Every structure is written in structure tokens, then in C-alpha cells.
file run.csv (CSV, C-alpha atoms)
chain,number,residue,atom,x,y,z
A,1,MET,CA,15.3,27.7,-23.9
A,2,ASN,CA,17.6,30.7,-24.5
A,3,PRO,CA,21.2,29.7,-24.4
A,4,ASP,CA,23.9,32.3,-23.9
A,5,ILE,CA,25.0,33.2,-27.4
A,6,ALA,CA,28.3,34.7,-26.3
A,7,ALA,CA,29.1,31.5,-24.3
A,8,LEU,CA,28.2,29.4,-27.4
A,9,ARG,CA,30.6,31.5,-29.6
A,10,THR,CA,33.4,31.1,-27.0
A,11,ALA,CA,32.9,27.3,-26.9
A,12,LEU,CA,32.8,27.1,-30.7
A,13,GLU,CA,36.0,29.1,-31.0
A,14,ARG,CA,37.7,27.0,-28.3
A,15,ASN,CA,36.8,23.7,-30.1
A,16,LEU,CA,37.4,24.9,-33.7
A,17,PRO,CA,41.0,23.8,-33.9
A,18,ALA,CA,40.0,20.3,-32.7
A,19,ALA,CA,37.2,20.2,-35.3
A,20,LEU,CA,39.8,21.1,-38.0
A,21,ALA,CA,42.1,18.4,-36.7
A,22,HIS,CA,39.4,15.8,-36.9
A,23,LEU,CA,38.5,17.0,-40.4
A,24,ARG,CA,42.1,16.7,-41.6
A,25,GLU,CA,42.3,13.1,-40.3
A,26,TRP,CA,39.0,12.2,-42.1
A,27,VAL,CA,40.0,13.8,-45.4
A,28,GLY,CA,43.3,11.8,-45.2
A,29,ILE,CA,41.3,8.5,-45.2
A,30,ASN,CA,40.3,7.5,-48.8
A,31,SER,CA,36.6,6.7,-48.6
A,32,TRP,CA,35.6,6.2,-52.2
A,33,THR,CA,32.2,4.4,-52.2
A,34,HIS,CA,33.7,1.1,-53.3
A,35,HIS,CA,36.8,1.3,-51.1
A,36,ARG,CA,35.4,-0.9,-48.4
A,37,ASP,CA,38.4,-0.8,-46.0
A,38,GLY,CA,38.6,3.0,-46.3
A,39,ILE,CA,34.9,3.4,-45.5
A,40,ASN,CA,35.2,1.2,-42.5
A,41,ALA,CA,38.4,3.0,-41.3
A,42,LEU,CA,36.7,6.4,-41.6
A,43,GLY,CA,33.6,5.0,-39.7
A,44,HIS,CA,35.8,4.0,-36.8
A,45,ALA,CA,37.7,7.3,-36.8
A,46,THR,CA,34.3,9.2,-36.8
A,47,ALA,CA,33.0,7.0,-34.0
A,48,ALA,CA,36.1,7.7,-31.9
A,49,ALA,CA,35.7,11.5,-32.4
A,50,PHE,CA,32.1,11.4,-31.1
A,51,ALA,CA,32.7,8.9,-28.3
A,52,PRO,CA,33.8,11.6,-25.7
A,53,LEU,CA,30.3,13.2,-26.3
A,54,GLY,CA,28.7,10.0,-25.0
A,55,PHE,CA,27.8,8.3,-28.3
A,56,ALA,CA,27.7,4.6,-28.6
A,57,ALA,CA,28.5,3.1,-32.1
A,58,GLU,CA,26.7,0.5,-34.2
A,59,PHE,CA,28.1,-0.6,-37.5
A,60,VAL,CA,25.6,-2.0,-40.0
A,61,PRO,CA,26.5,-3.8,-43.3
A,62,CYS,CA,25.4,-1.9,-46.4
A,63,ALA,CA,23.1,-3.7,-48.8
A,64,GLU,CA,25.6,-2.9,-51.5
A,65,LYS,CA,28.1,-5.7,-51.0
A,66,LYS,CA,31.1,-3.8,-52.3
A,67,CYS,CA,30.6,-1.0,-49.8
A,68,GLY,CA,31.6,-0.7,-46.2
A,69,HIS,CA,29.4,-0.4,-43.1
A,70,HIS,CA,26.9,2.3,-42.3
A,71,LEU,CA,27.6,4.0,-38.9
A,72,PHE,CA,24.9,4.8,-36.4
A,73,LEU,CA,25.8,6.7,-33.2
A,74,ARG,CA,23.3,6.9,-30.3
A,75,ARG,CA,23.0,9.0,-27.2
A,76,PRO,CA,19.9,9.0,-24.9
A,77,GLY,CA,18.3,12.2,-23.8
A,78,GLN,CA,16.0,13.4,-21.0
A,79,VAL,CA,12.9,12.9,-23.1
A,80,ARG,CA,11.9,10.1,-25.4
A,81,GLN,CA,12.1,12.1,-28.6
A,82,THR,CA,15.1,11.9,-30.8
A,83,LEU,CA,16.8,14.2,-33.2
A,84,LEU,CA,18.3,12.5,-36.3
A,85,ALA,CA,21.4,14.1,-37.7
A,86,VAL,CA,22.6,12.7,-41.1
A,87,SER,CA,26.0,12.7,-42.9
A,88,HIS,CA,27.8,10.2,-45.0
A,89,LEU,CA,31.2,8.5,-45.1
A,90,ASP,CA,31.8,8.0,-48.8
A,91,THR,CA,33.2,10.2,-51.5
A,92,VAL,CA,33.5,9.9,-55.3
A,93,PHE,CA,37.3,9.7,-55.5
A,94,PRO,CA,39.1,6.3,-56.0
A,95,PRO,CA,42.5,6.0,-54.4
A,96,GLU,CA,44.1,6.0,-57.9
A,97,GLU,CA,42.5,9.3,-58.7
A,98,GLU,CA,43.7,11.0,-55.5
A,99,ALA,CA,47.2,9.8,-56.2
A,100,GLN,CA,47.2,10.8,-59.9
A,101,GLN,CA,45.8,14.3,-59.2
A,102,ASN,CA,48.0,14.7,-56.1
A,103,PHE,CA,44.7,15.5,-54.4
A,104,HIS,CA,45.0,15.8,-50.6
A,105,TRP,CA,44.5,18.3,-47.8
A,106,ARG,CA,45.9,21.6,-48.9
A,107,GLU,CA,45.4,25.1,-47.4
A,108,ALA,CA,45.7,27.8,-49.9
A,109,GLU,CA,43.8,31.0,-51.1
A,110,GLY,CA,41.9,31.1,-47.8
A,111,ARG,CA,40.4,27.7,-48.6
A,112,ILE,CA,41.0,24.1,-47.6
A,113,TYR,CA,41.1,21.7,-50.5
A,114,GLY,CA,40.8,17.9,-50.2
A,115,PRO,CA,38.7,14.9,-51.1
A,116,GLY,CA,35.4,15.1,-49.4
A,117,VAL,CA,36.4,18.2,-47.4
A,118,VAL,CA,33.0,19.8,-48.1
A,119,ASP,CA,31.0,16.8,-49.4
A,120,ILE,CA,30.5,15.8,-46.7
A,121,LYS,CA,33.3,15.5,-44.1
A,122,GLY,CA,33.1,19.2,-43.4
A,123,GLY,CA,29.4,18.6,-42.6
A,124,THR,CA,30.4,16.0,-40.0
A,125,ALA,CA,32.9,18.5,-38.6
A,126,VAL,CA,30.1,21.1,-38.2
A,127,LEU,CA,28.0,18.6,-36.4
A,128,TRP,CA,30.8,17.7,-34.0
A,129,LEU,CA,31.6,21.3,-33.4
A,130,GLN,CA,27.9,22.2,-32.8
A,131,LEU,CA,27.5,19.3,-30.3
A,132,MET,CA,30.7,20.1,-28.4
A,133,ALA,CA,29.6,23.7,-28.0
A,134,LEU,CA,26.1,22.7,-26.8
A,135,ARG,CA,27.5,20.3,-24.3
A,136,GLU,CA,29.8,23.0,-22.8
A,137,ALA,CA,27.7,26.1,-23.1
A,138,ALA,CA,24.1,24.8,-23.1
A,139,PRO,CA,24.1,21.4,-21.5
A,140,GLU,CA,20.3,21.5,-20.9
A,141,VAL,CA,19.8,21.8,-24.7
A,142,PHE,CA,22.4,19.2,-25.5
A,143,GLY,CA,20.9,16.7,-23.1
A,144,HIS,CA,17.2,17.3,-23.8
A,145,PHE,CA,16.5,15.2,-26.9
A,146,GLY,CA,18.1,11.9,-27.6
A,147,TRP,CA,20.5,12.1,-30.5
A,148,ALA,CA,20.8,9.6,-33.4
A,149,LEU,CA,23.7,10.4,-35.8
A,150,ALA,CA,23.6,8.4,-39.0
A,151,PHE,CA,26.4,8.1,-41.5
A,152,ASN,CA,25.7,6.5,-44.9
A,153,ALA,CA,28.4,4.3,-46.4
A,154,ALA,CA,27.0,4.6,-49.9
A,155,GLU,CA,25.3,8.0,-50.2
A,156,GLU,CA,27.0,8.8,-53.5
A,157,ILE,CA,25.1,5.9,-55.1
A,158,LEU,CA,22.1,6.5,-52.8
A,159,SER,CA,21.5,3.0,-51.6
A,160,ASP,CA,18.0,3.2,-50.0
A,161,ASP,CA,18.8,0.6,-47.3
A,162,PHE,CA,20.5,3.4,-45.2
A,163,ALA,CA,17.3,5.4,-44.8
A,164,GLN,CA,15.4,2.3,-44.0
A,165,SER,CA,17.9,1.3,-41.3
A,166,ALA,CA,17.9,4.8,-39.8
A,167,LEU,CA,14.1,5.0,-39.7
A,168,ALA,CA,13.8,1.5,-38.2
A,169,ARG,CA,16.1,2.5,-35.4
A,170,LEU,CA,14.1,5.6,-34.6
A,171,GLY,CA,10.6,4.1,-34.6
A,172,ASP,CA,8.1,6.8,-33.7
A,173,ARG,CA,10.5,8.9,-31.6
A,174,ALA,CA,12.0,11.1,-34.3
A,175,VAL,CA,11.5,14.9,-34.1
A,176,ALA,CA,13.3,15.8,-37.4
A,177,ALA,CA,16.0,14.8,-39.8
A,178,LEU,CA,18.8,17.3,-40.0
A,179,VAL,CA,21.1,16.7,-43.1
A,180,TYR,CA,24.6,18.1,-43.1
A,181,GLU,CA,25.3,18.4,-46.8
A,182,SER,CA,27.0,21.7,-47.7
A,183,GLY,CA,25.1,24.9,-47.7
A,184,ALA,CA,25.9,28.4,-48.8
A,185,CYS,CA,27.0,30.7,-45.9
A,186,ARG,CA,27.6,34.3,-46.6
A,187,GLU,CA,27.8,37.2,-44.2
A,188,ASN,CA,24.5,37.3,-42.2
A,189,GLU,CA,22.8,34.9,-44.7
A,190,PHE,CA,22.4,31.1,-44.8
A,191,ASN,CA,20.9,29.0,-47.6
A,192,LEU,CA,19.1,25.9,-46.4
A,193,VAL,CA,17.8,23.1,-48.6
A,194,VAL,CA,14.0,22.6,-48.5
A,195,ALA,CA,13.5,20.5,-51.6
A,196,ARG,CA,15.5,18.3,-54.0
A,197,LYS,CA,14.8,16.9,-57.4
A,198,GLY,CA,13.9,13.2,-57.9
A,199,ARG,CA,15.8,11.1,-60.3
A,200,ALA,CA,15.2,8.1,-62.6
A,201,GLN,CA,18.0,6.3,-64.5
A,202,PHE,CA,17.3,5.1,-68.0
A,203,SER,CA,18.9,3.0,-70.7
A,204,VAL,CA,18.1,3.0,-74.4
A,205,THR,CA,19.4,0.1,-76.5
A,206,ALA,CA,19.5,0.1,-80.3
A,207,ALA,CA,19.5,-3.4,-81.7
A,208,GLY,CA,20.8,-3.6,-85.3
A,209,ARG,CA,22.4,-6.4,-87.2
A,210,GLY,CA,26.1,-7.1,-87.5
A,211,ALA,CA,27.9,-7.5,-90.8
A,212,HIS,CA,31.3,-7.2,-92.4
A,213,ALA,CA,32.0,-3.5,-92.8
A,214,GLY,CA,33.6,-3.9,-96.2
A,215,SER,CA,32.2,-6.8,-98.2
A,216,CYS,CA,28.7,-7.1,-96.6
A,217,HIS,CA,28.0,-3.5,-95.5
A,218,ALA,CA,24.5,-3.4,-97.1
A,219,ASP,CA,23.5,-6.5,-95.1
A,220,GLY,CA,24.1,-4.7,-91.7
A,221,ALA,CA,22.0,-2.4,-89.7
A,222,ASN,CA,24.3,0.0,-87.8
A,223,ALA,CA,23.1,0.2,-84.2
A,224,ILE,CA,25.4,3.2,-83.4
A,225,ALA,CA,23.9,5.2,-86.2
A,226,GLU,CA,20.4,4.4,-85.0
A,227,LEU,CA,21.3,5.4,-81.4
A,228,ALA,CA,22.8,8.6,-82.7
A,229,ARG,CA,19.4,9.5,-84.0
A,230,VAL,CA,17.7,8.8,-80.7
A,231,VAL,CA,20.1,10.7,-78.4
A,232,PRO,CA,19.0,14.2,-79.6
A,233,LEU,CA,15.4,13.1,-78.9
A,234,LEU,CA,16.4,12.3,-75.4
A,235,GLU,CA,18.2,15.6,-74.9
A,236,ALA,CA,15.3,17.5,-76.4
A,237,MET,CA,13.1,16.3,-73.5
A,238,THR,CA,14.9,18.7,-71.2
A,239,ASP,CA,12.3,21.4,-70.2
A,240,PRO,CA,13.6,24.4,-68.1
A,241,ALA,CA,10.1,25.7,-67.7
A,242,ARG,CA,9.2,22.5,-65.8
A,243,GLU,CA,12.6,22.3,-64.2
A,244,LEU,CA,13.2,18.9,-66.0
A,245,THR,CA,16.6,17.8,-67.1
A,246,VAL,CA,17.3,14.8,-69.3
A,247,SER,CA,21.0,13.9,-69.6
A,248,VAL,CA,22.7,11.1,-71.6
A,249,GLY,CA,25.9,10.4,-69.6
A,250,LEU,CA,27.3,7.2,-71.1
A,251,ILE,CA,27.3,5.6,-74.6
A,252,ARG,CA,28.8,2.3,-75.6
A,253,GLY,CA,28.6,0.3,-78.8
A,254,GLY,CA,30.6,-1.7,-81.3
A,255,GLU,CA,33.4,-4.1,-81.0
A,256,ALA,CA,35.7,-3.3,-84.0
A,257,ILE,CA,36.0,-0.8,-86.8
A,258,ASN,CA,35.6,-3.5,-89.5
A,259,ARG,CA,32.2,-4.6,-88.3
A,260,VAL,CA,28.8,-3.0,-88.7
A,261,PRO,CA,27.8,-2.8,-84.9
A,262,HIS,CA,24.8,-4.9,-83.9
A,263,GLU,CA,24.2,-3.1,-80.6
A,264,ALA,CA,24.6,0.3,-78.9
A,265,VAL,CA,23.5,1.5,-75.5
A,266,ALA,CA,22.9,5.0,-74.1
A,267,GLU,CA,22.5,5.5,-70.3
A,268,GLY,CA,21.5,8.6,-68.5
A,269,GLU,CA,19.2,10.1,-65.9
A,270,LEU,CA,16.3,12.5,-65.7
A,271,ARG,CA,15.6,14.8,-62.8
A,272,ALA,CA,12.6,17.0,-61.7
A,273,PHE,CA,11.2,18.5,-58.6
A,274,GLU,CA,7.6,17.5,-59.2
A,275,PRO,CA,6.8,13.8,-59.2
A,276,SER,CA,4.3,14.1,-62.0
A,277,VAL,CA,6.9,15.8,-64.2
A,278,LEU,CA,9.3,13.0,-63.5
A,279,THR,CA,6.7,10.3,-64.3
A,280,GLY,CA,5.7,12.0,-67.5
A,281,ALA,CA,9.4,12.1,-68.7
A,282,GLU,CA,9.8,8.4,-67.8
A,283,ASN,CA,6.8,7.7,-70.0
A,284,GLY,CA,8.2,9.7,-72.8
A,285,ILE,CA,11.4,7.7,-72.7
A,286,LEU,CA,9.5,4.4,-72.7
A,287,ALA,CA,7.6,5.6,-75.7
A,288,LEU,CA,10.8,5.3,-77.7
A,289,ARG,CA,10.5,1.5,-77.6
A,290,GLY,CA,10.1,0.0,-81.0
A,291,SER,CA,10.7,3.2,-82.9
A,292,GLY,CA,13.2,1.9,-85.4
A,293,LYS,CA,14.4,4.6,-87.8
A,294,ILE,CA,16.9,2.9,-90.2
A,295,ALA,CA,15.6,2.0,-93.6
A,296,ALA,CA,14.8,-1.7,-94.1
A,297,VAL,CA,17.6,-3.7,-95.7
A,298,SER,CA,17.1,-6.2,-98.5
A,299,ASP,CA,15.5,-8.9,-96.5
A,300,GLY,CA,13.2,-6.6,-94.6
A,301,PHE,CA,15.1,-6.4,-91.3
A,302,ARG,CA,14.7,-3.3,-89.3
A,303,SER,CA,16.6,-2.1,-86.2
A,304,ARG,CA,14.8,-2.0,-82.8
A,305,ILE,CA,14.8,0.4,-79.9
A,306,GLU,CA,14.4,-0.8,-76.3
A,307,ALA,CA,14.1,1.6,-73.3
A,308,LYS,CA,14.1,0.8,-69.6
A,309,ILE,CA,13.7,2.9,-66.5
A,310,SER,CA,15.6,1.9,-63.3
A,311,GLY,CA,17.1,3.3,-60.1
A,312,ARG,CA,14.3,5.7,-59.1
A,313,THR,CA,14.9,8.1,-56.3
A,314,PRO,CA,11.8,10.0,-55.2
A,315,ALA,CA,11.6,13.8,-55.4
A,316,TRP,CA,11.5,15.8,-52.2
A,317,PRO,CA,9.0,18.5,-53.0
A,318,GLU,CA,8.5,21.5,-50.7
A,319,ASN,CA,6.1,20.6,-47.9
A,320,ASP,CA,4.6,21.9,-44.7
A,321,ALA,CA,6.7,19.8,-42.4
A,322,THR,CA,9.9,21.2,-43.9
A,323,ARG,CA,8.5,24.8,-43.9
A,324,LYS,CA,7.8,24.5,-40.1
A,325,LEU,CA,11.4,23.3,-39.5
A,326,LEU,CA,12.7,26.2,-41.7
A,327,ALA,CA,10.7,28.6,-39.6
A,328,ILE,CA,12.6,27.3,-36.5
A,329,TYR,CA,15.9,28.0,-38.2
A,330,GLU,CA,14.6,31.5,-39.2
A,331,ARG,CA,14.0,32.3,-35.5
A,332,ALA,CA,17.4,31.0,-34.6
A,333,ALA,CA,19.0,33.2,-37.3
A,334,GLU,CA,17.2,36.3,-36.0
A,335,LYS,CA,19.0,35.9,-32.7
A,336,ILE,CA,22.3,36.5,-34.5
A,337,SER,CA,20.9,39.2,-36.8
A,338,ALA,CA,21.1,36.8,-39.8
A,339,GLN,CA,18.7,35.6,-42.4
A,340,VAL,CA,17.8,32.1,-43.8
A,341,GLN,CA,17.1,31.6,-47.5
A,342,PRO,CA,15.3,28.5,-48.7
A,343,GLU,CA,17.0,26.7,-51.6
A,344,ARG,CA,15.6,24.0,-53.9
A,345,ARG,CA,18.5,21.9,-55.1
A,346,GLY,CA,18.9,19.6,-58.1
A,347,GLY,CA,21.3,17.1,-56.5
A,348,LEU,CA,20.2,14.1,-54.5
A,349,SER,CA,20.8,13.4,-50.8
A,350,ASP,CA,19.5,11.2,-48.1
A,351,GLY,CA,16.9,13.9,-47.5
A,352,ASN,CA,15.1,12.6,-50.6
A,353,LEU,CA,14.4,9.3,-48.8
A,354,LEU,CA,13.8,10.7,-45.3
A,355,ALA,CA,11.5,13.7,-46.1
A,356,PRO,CA,8.4,11.5,-46.8
A,357,HIS,CA,8.6,10.2,-43.3
A,358,LEU,CA,9.6,13.1,-41.0
A,359,PRO,CA,10.3,16.8,-41.1
A,360,THR,CA,13.6,17.2,-43.0
A,361,LEU,CA,16.0,20.1,-43.6
A,362,ASP,CA,19.2,19.9,-45.6
A,363,GLY,CA,22.3,22.1,-46.3
A,364,LEU,CA,23.3,22.4,-42.7
A,365,GLY,CA,27.0,21.8,-43.4
A,366,PRO,CA,29.6,24.4,-44.3
A,367,ALA,CA,30.1,26.4,-47.4
A,368,GLY,CA,32.5,25.4,-50.2
A,369,GLY,CA,32.5,24.4,-53.8
A,370,ASN,CA,33.7,22.3,-56.7
A,371,ALA,CA,32.3,19.1,-55.2
A,372,HIS,CA,33.3,15.9,-57.1
A,373,ALA,CA,36.3,17.7,-58.7
A,374,SER,CA,39.9,16.7,-58.1
A,375,GLU,CA,42.0,18.5,-60.7
A,376,TRP,CA,44.4,21.4,-59.9
A,377,SER,CA,45.9,23.6,-62.6
A,378,ASP,CA,47.6,27.0,-62.4
A,379,ASP,CA,47.5,27.4,-66.2
A,380,PRO,CA,46.1,31.0,-66.7
A,381,ALA,CA,44.3,29.8,-69.8
A,382,THR,CA,42.6,26.8,-68.2
A,383,PRO,CA,42.7,27.2,-64.4
A,384,LYS,CA,41.2,24.4,-62.4
A,385,ARG,CA,40.5,24.0,-58.7
A,386,PRO,CA,39.3,20.9,-56.9
A,387,GLU,CA,36.7,20.5,-54.1
A,388,TYR,CA,37.2,23.0,-51.3
A,389,LEU,CA,35.9,24.2,-48.0
A,390,ASP,CA,35.5,27.7,-46.8
A,391,PRO,CA,36.8,27.3,-43.3
A,392,ALA,CA,35.3,30.7,-42.2
A,393,SER,CA,31.8,29.1,-42.6
A,394,LEU,CA,32.4,26.3,-40.0
A,395,LEU,CA,31.7,28.4,-36.9
A,396,PRO,CA,28.7,30.4,-38.1
A,397,LYS,CA,27.0,27.3,-39.4
A,398,ALA,CA,27.6,25.4,-36.2
A,399,LEU,CA,26.2,28.4,-34.2
A,400,LEU,CA,23.1,28.6,-36.3
A,401,ASN,CA,22.5,24.8,-35.9
A,402,ALA,CA,23.1,25.0,-32.1
A,403,LEU,CA,20.6,27.8,-31.7
A,404,ALA,CA,18.1,26.0,-33.9
A,405,VAL,CA,18.3,22.9,-31.6
A,406,ALA,CA,17.5,25.2,-28.7
A,407,GLU,CA,14.5,26.5,-30.6
A,408,LEU,CA,13.3,23.0,-31.3
A,409,VAL,CA,13.5,22.2,-27.6
A,410,ALA,CA,11.3,25.2,-26.9
A,411,ALA,CA,8.9,24.4,-29.7
A,412,ILE,CA,8.2,20.7,-29.0

call {"tool": "encode", "arguments": {"input": "run.csv", "output": "C-alpha cells"}}
result
Amino acid sequence: MNPDIAALRTALERNLPAALAHLREWVGINSWTHHRDGINALGHATAAAFAPLGFAAEFVPCAEKKCGHHLFLRRPGQVRQTLLAVSHLDTVFPPEEEAQQNFHWREAEGRIYGPGVVDIKGGTAVLWLQLMALREAAPEVFGHFGWALAFNAAEEILSDDFAQSALARLGDRAVAALVYESGACRENEFNLVVARKGRAQFSVTAAGRGAHAGSCHADGANAIAELARVVPLLEAMTDPARELTVSVGLIRGGEAINRVPHEAVAEGELRAFEPSVLTGAENGILALRGSGKIAAVSDGFRSRIEAKISGRTPAWPENDATRKLLAIYERAAEKISAQVQPERRGGLSDGNLLAPHLPTLDGLGPAGGNAHASEWSDDPATPKRPEYLDPASLLPKALLNALAVAELVAAI
């Protein structure tokens, strides 16, 4: 199918103010991952925005009990096959942080600032805008496939029950998964995500022996000191040549300054594109177990090191199914004299969990930056800017996505 590009542009321009109005409403709802009421309020507001397009809503409890409900929107098509479009409801900003940083919708410097404005509420706005334009200017494309829109309530902690729920509702009907995380959008060029690193979380515990820091210091084994020797070993596992990163993000230990601490814990994560590299790094961390380094005290006691791996998220390596989907987007881009560039991204998304099951492409949302940041400072020495959206990217990205759906209809 070859939709009228001029008609699509006109429809996008006509609906852009409404898309921005929806986005402003969504950004105004605090949807921190553990703000259950906020997640559910945003879910209902999102469902209301898509209802005029013929989508019926289903709310499904998240497996993480502190979180709100996942949202699934369905609309039947003329054929049995279904397109899955993926976004999420949650952000990383607690209500207290938004208030403390005075972080809210703000239009300045040609940008729109606000919590979740690009990660990922702007992606939801692009999806809405794209579907509105297709319905008005290319109804045969809009109505061909069935649509399944899936909004994760807990993407920022990547609870895997969401992907399982989405796949269970699709059965064998899914054509592709289109993920609306942010993507670079420059003049006549779009970056789309074709691979993401996998992640494993780890903890390393140093077990020492407590003692009075003054009168019995020699009887103790300082767990913090032991852990301090291990942390550089962890950081040294980072290997840019293999695109492996190992990062210690949290350390805790000790109870009081007048005690030799008996325990200290470091927690972190490792990431890599290749599953074998990820597994090798996990084994390297587990090999630290039992490697006590503090000299024996008078009665022969030595400290101990324990290491654990938890919270694995599989890597999404480049694959033929994603390459074929990328080629469809390349053909769509050619129709507007633009180019698509594949991007391999270190961050996680629901694409990590969907890509093993069906063709997946990510980065279909708008351009922006500073995701997960909330601070604003005009100090010339230390300027700071929070998360922002480039509003000029909304229409081009929605047009590319709309044309790609038309290419999918023609290809399948």
C-alpha cells in the first residue's frame, strides 16, 4: 500500500496540538514505579486518549505487588495478524523528588522538560499521533492489522511478567513488536535500536568479625577494609574491547564508628551485548567467593567473601528478524528522502524480553535527552538540565512509523 504522504503530513500537523495536550496531561501525573495510584491514574488517562481510536482497555495487575496495573489496549483488524506496540507507564521520579526539584512541564530553549517527557510518555504520544494520522489519511493501512498496545507498569525495574502477559495475549498472531523508547531524530536521519545489552545484578558480601574499635581492635576483622580490596577487582573486569561494563553502584557496611564492622556489601550490575561475554563475567564474579585477603588474626580467623548473581535480563543481540524489520523502515525512510541508522544500545527495555520471540525494533519514540535526570541549575559553572523532549521530532518520527506500517502491510 502507498498512502498519500502529503495527506499523512497534513493529518499529523492537524493532530499535533492534541498529541501535545495529551502528553502534558500524562507528564503531570506522577508515575514513579512504586507510586501505585499514579501508575493506575496514568493508565486510565492513556486508555481514555486511545478510546476514540476504537481501543478497548484491559488492566492487569503487575507481579510486583507495590506497582500498579499493566495496560493492554486492543483493536481488531481486517486480518488475523496483529502488530504489538510497546510503551510503559512508569518513570524513575518519586513525588518527593519532583517537588524538591520543582520538576514539571516546562517549555524553554526550544525543548519541553518534564518527568517522563521522553522516557517514555513522549513515545506514547508519537504512537497516538501516528495512529490518528493513519486512521484519517490511510484508513486501509490503519485497519488492516489488529493492534495490541501494551504499557508496562514496571519497566524501570523490568519485571518480566509484562512481556509474558503481552505474548500470552498475542498467541501466534503477532507480526512484530514495535517499541517506542526514545530514538535520535536528526534532519533526514533516524537512529533505530536493533540490539541491547543484557544485564546481571550481583552482590558481593565481605564477612569479617566485629570487635571494639579501641580496646579489642586486634581481635576484629574489618569487613569494609576487605570489601575495599575487592571493589577494584570488580571494576577492573570492565572490558571495552568486549563491550562489557561492570559497575559497583551501592555499598553499605558497619553500624557505628566505635566498632570493627563485621559485614559489608557491594551491589552492582554487569552488562554486555553477547550472552557468552555476560556469562563469562558472571563466572568471574562468582570466582571471588572464598577469596579472603585480610591477614589471619590471633586465633586463626579469616574474613570470607561471598558472591551472588541475581536479576538476569537476557541480551538482545542483533538478529535476522530485526534486520528484516529494519529493512522495512529503511524503505519507509526512502519515501521521505531520509535514512535509518541502526543503533546498539547499552540500556534495557522491554525489547530485551520480546526479541527472542518475535521480530522487534526499538527507538521508535521521539528525540530528547537527560533521561532519569531532574535537576535544573543556571549556574554558569555547573549548569544542569533535566529530562527533555525535542518537540520538533514528534511529527517526523510519527510519519516514519506510519509509512513503515504501510510497508509492513505490503510485505506480509

call {"tool": "atom_distance", "arguments": {"input": "run.csv", "atom1": "CA of Gly268 in chain A", "atom2": "CA of Ala184 in chain A"}}
result
28.3 Å

call {"tool": "residues_around", "arguments": {"input": "run.csv", "residues": "Ala99 in chain A", "least_positions_apart": "5", "cutoff": "12 Å", "atoms": "all atoms listed in the file", "output": "ChimeraX atom specification"}}
result
/A:28,30,93-94,104,114-115,374-375

call {"tool": "write_last_selection", "arguments": {"input": "run.csv", "atoms": "C-alpha atoms", "output": "PDB file, in the coordinates of the input"}}
result
ATOM      1  CA  GLY A  28      43.300  11.800 -45.200  1.00  0.00           C
ATOM      2  CA  ASN A  30      40.300   7.500 -48.800  1.00  0.00           C
ATOM      3  CA  PHE A  93      37.300   9.700 -55.500  1.00  0.00           C
ATOM      4  CA  PRO A  94      39.100   6.300 -56.000  1.00  0.00           C
ATOM      5  CA  HIS A 104      45.000  15.800 -50.600  1.00  0.00           C
ATOM      6  CA  GLY A 114      40.800  17.900 -50.200  1.00  0.00           C
ATOM      7  CA  PRO A 115      38.700  14.900 -51.100  1.00  0.00           C
ATOM      8  CA  SER A 374      39.900  16.700 -58.100  1.00  0.00           C
ATOM      9  CA  GLU A 375      42.000  18.500 -60.700  1.00  0.00           C
TER      10      GLU A 375
END

call {"tool": "atom_distance", "arguments": {"input": "run.csv", "atom1": "CA of Leu53 in chain A", "atom2": "CA of Arg75 in chain A"}}
result
8.5 Å

call {"tool": "residues_around", "arguments": {"input": "run.csv", "residues": "Arg80 in chain A", "least_positions_apart": "2", "cutoff": "8 Å", "atoms": "all atoms listed in the file", "output": "PyMOL selection string"}}
result
chain A and resi 77-78+82+145-146+173

call {"tool": "closest_residue", "arguments": {"input": "run.csv", "among": "A:Val204, A:Lys384, A:Glu343, A:Ile412", "to": "Ala307 in chain A", "atoms": "all atoms listed in the file"}}
result
A:Val204

call {"tool": "closest_residue", "arguments": {"input": "run.csv", "among": "A:Asn15, A:Asn401, A:Thr91, A:Gln81", "to": "Ile336 in chain A", "atoms": "all atoms listed in the file"}}
result
A:Asn401

call {"tool": "decode", "arguments": {"input": "run.csv", "residues": "range 79-100 of chain A", "atoms": "C-alpha atoms", "output": "PDB file, in the first residue's frame"}}
result
ATOM      1  CA  VAL A  79      -6.736  -9.821   9.078  1.00  0.00           C
ATOM      2  CA  ARG A  80      -5.894 -12.188  11.904  1.00  0.00           C
ATOM      3  CA  GLN A  81      -2.355 -10.857  12.327  1.00  0.00           C
ATOM      4  CA  THR A  82      -1.572  -8.278  14.988  1.00  0.00           C
ATOM      5  CA  LEU A  83       1.016  -5.552  15.458  1.00  0.00           C
ATOM      6  CA  LEU A  84       2.298  -5.137  19.009  1.00  0.00           C
ATOM      7  CA  ALA A  85       3.243  -1.584  20.017  1.00  0.00           C
ATOM      8  CA  VAL A  86       5.025  -1.234  23.364  1.00  0.00           C
ATOM      9  CA  SER A  87       5.440   1.659  25.769  1.00  0.00           C
ATOM     10  CA  HIS A  88       5.469   1.959  29.550  1.00  0.00           C
ATOM     11  CA  LEU A  89       3.693   3.921  32.246  1.00  0.00           C
ATOM     12  CA  ASP A  90       6.332   4.276  34.957  1.00  0.00           C
ATOM     13  CA  THR A  91       9.149   6.768  35.460  1.00  0.00           C
ATOM     14  CA  VAL A  92      12.049   6.886  37.943  1.00  0.00           C
ATOM     15  CA  PHE A  93      10.950  10.057  39.778  1.00  0.00           C
ATOM     16  CA  PRO A  94       9.253   9.783  43.213  1.00  0.00           C
ATOM     17  CA  PRO A  95       6.704  12.523  44.003  1.00  0.00           C
ATOM     18  CA  GLU A  96       9.055  13.965  46.634  1.00  0.00           C
ATOM     19  CA  GLU A  97      11.834  14.380  44.076  1.00  0.00           C
ATOM     20  CA  GLU A  98       9.563  16.125  41.596  1.00  0.00           C
ATOM     21  CA  ALA A  99       8.503  18.558  44.341  1.00  0.00           C
ATOM     22  CA  GLN A 100      12.021  19.109  45.682  1.00  0.00           C
TER      23      GLN A 100
END
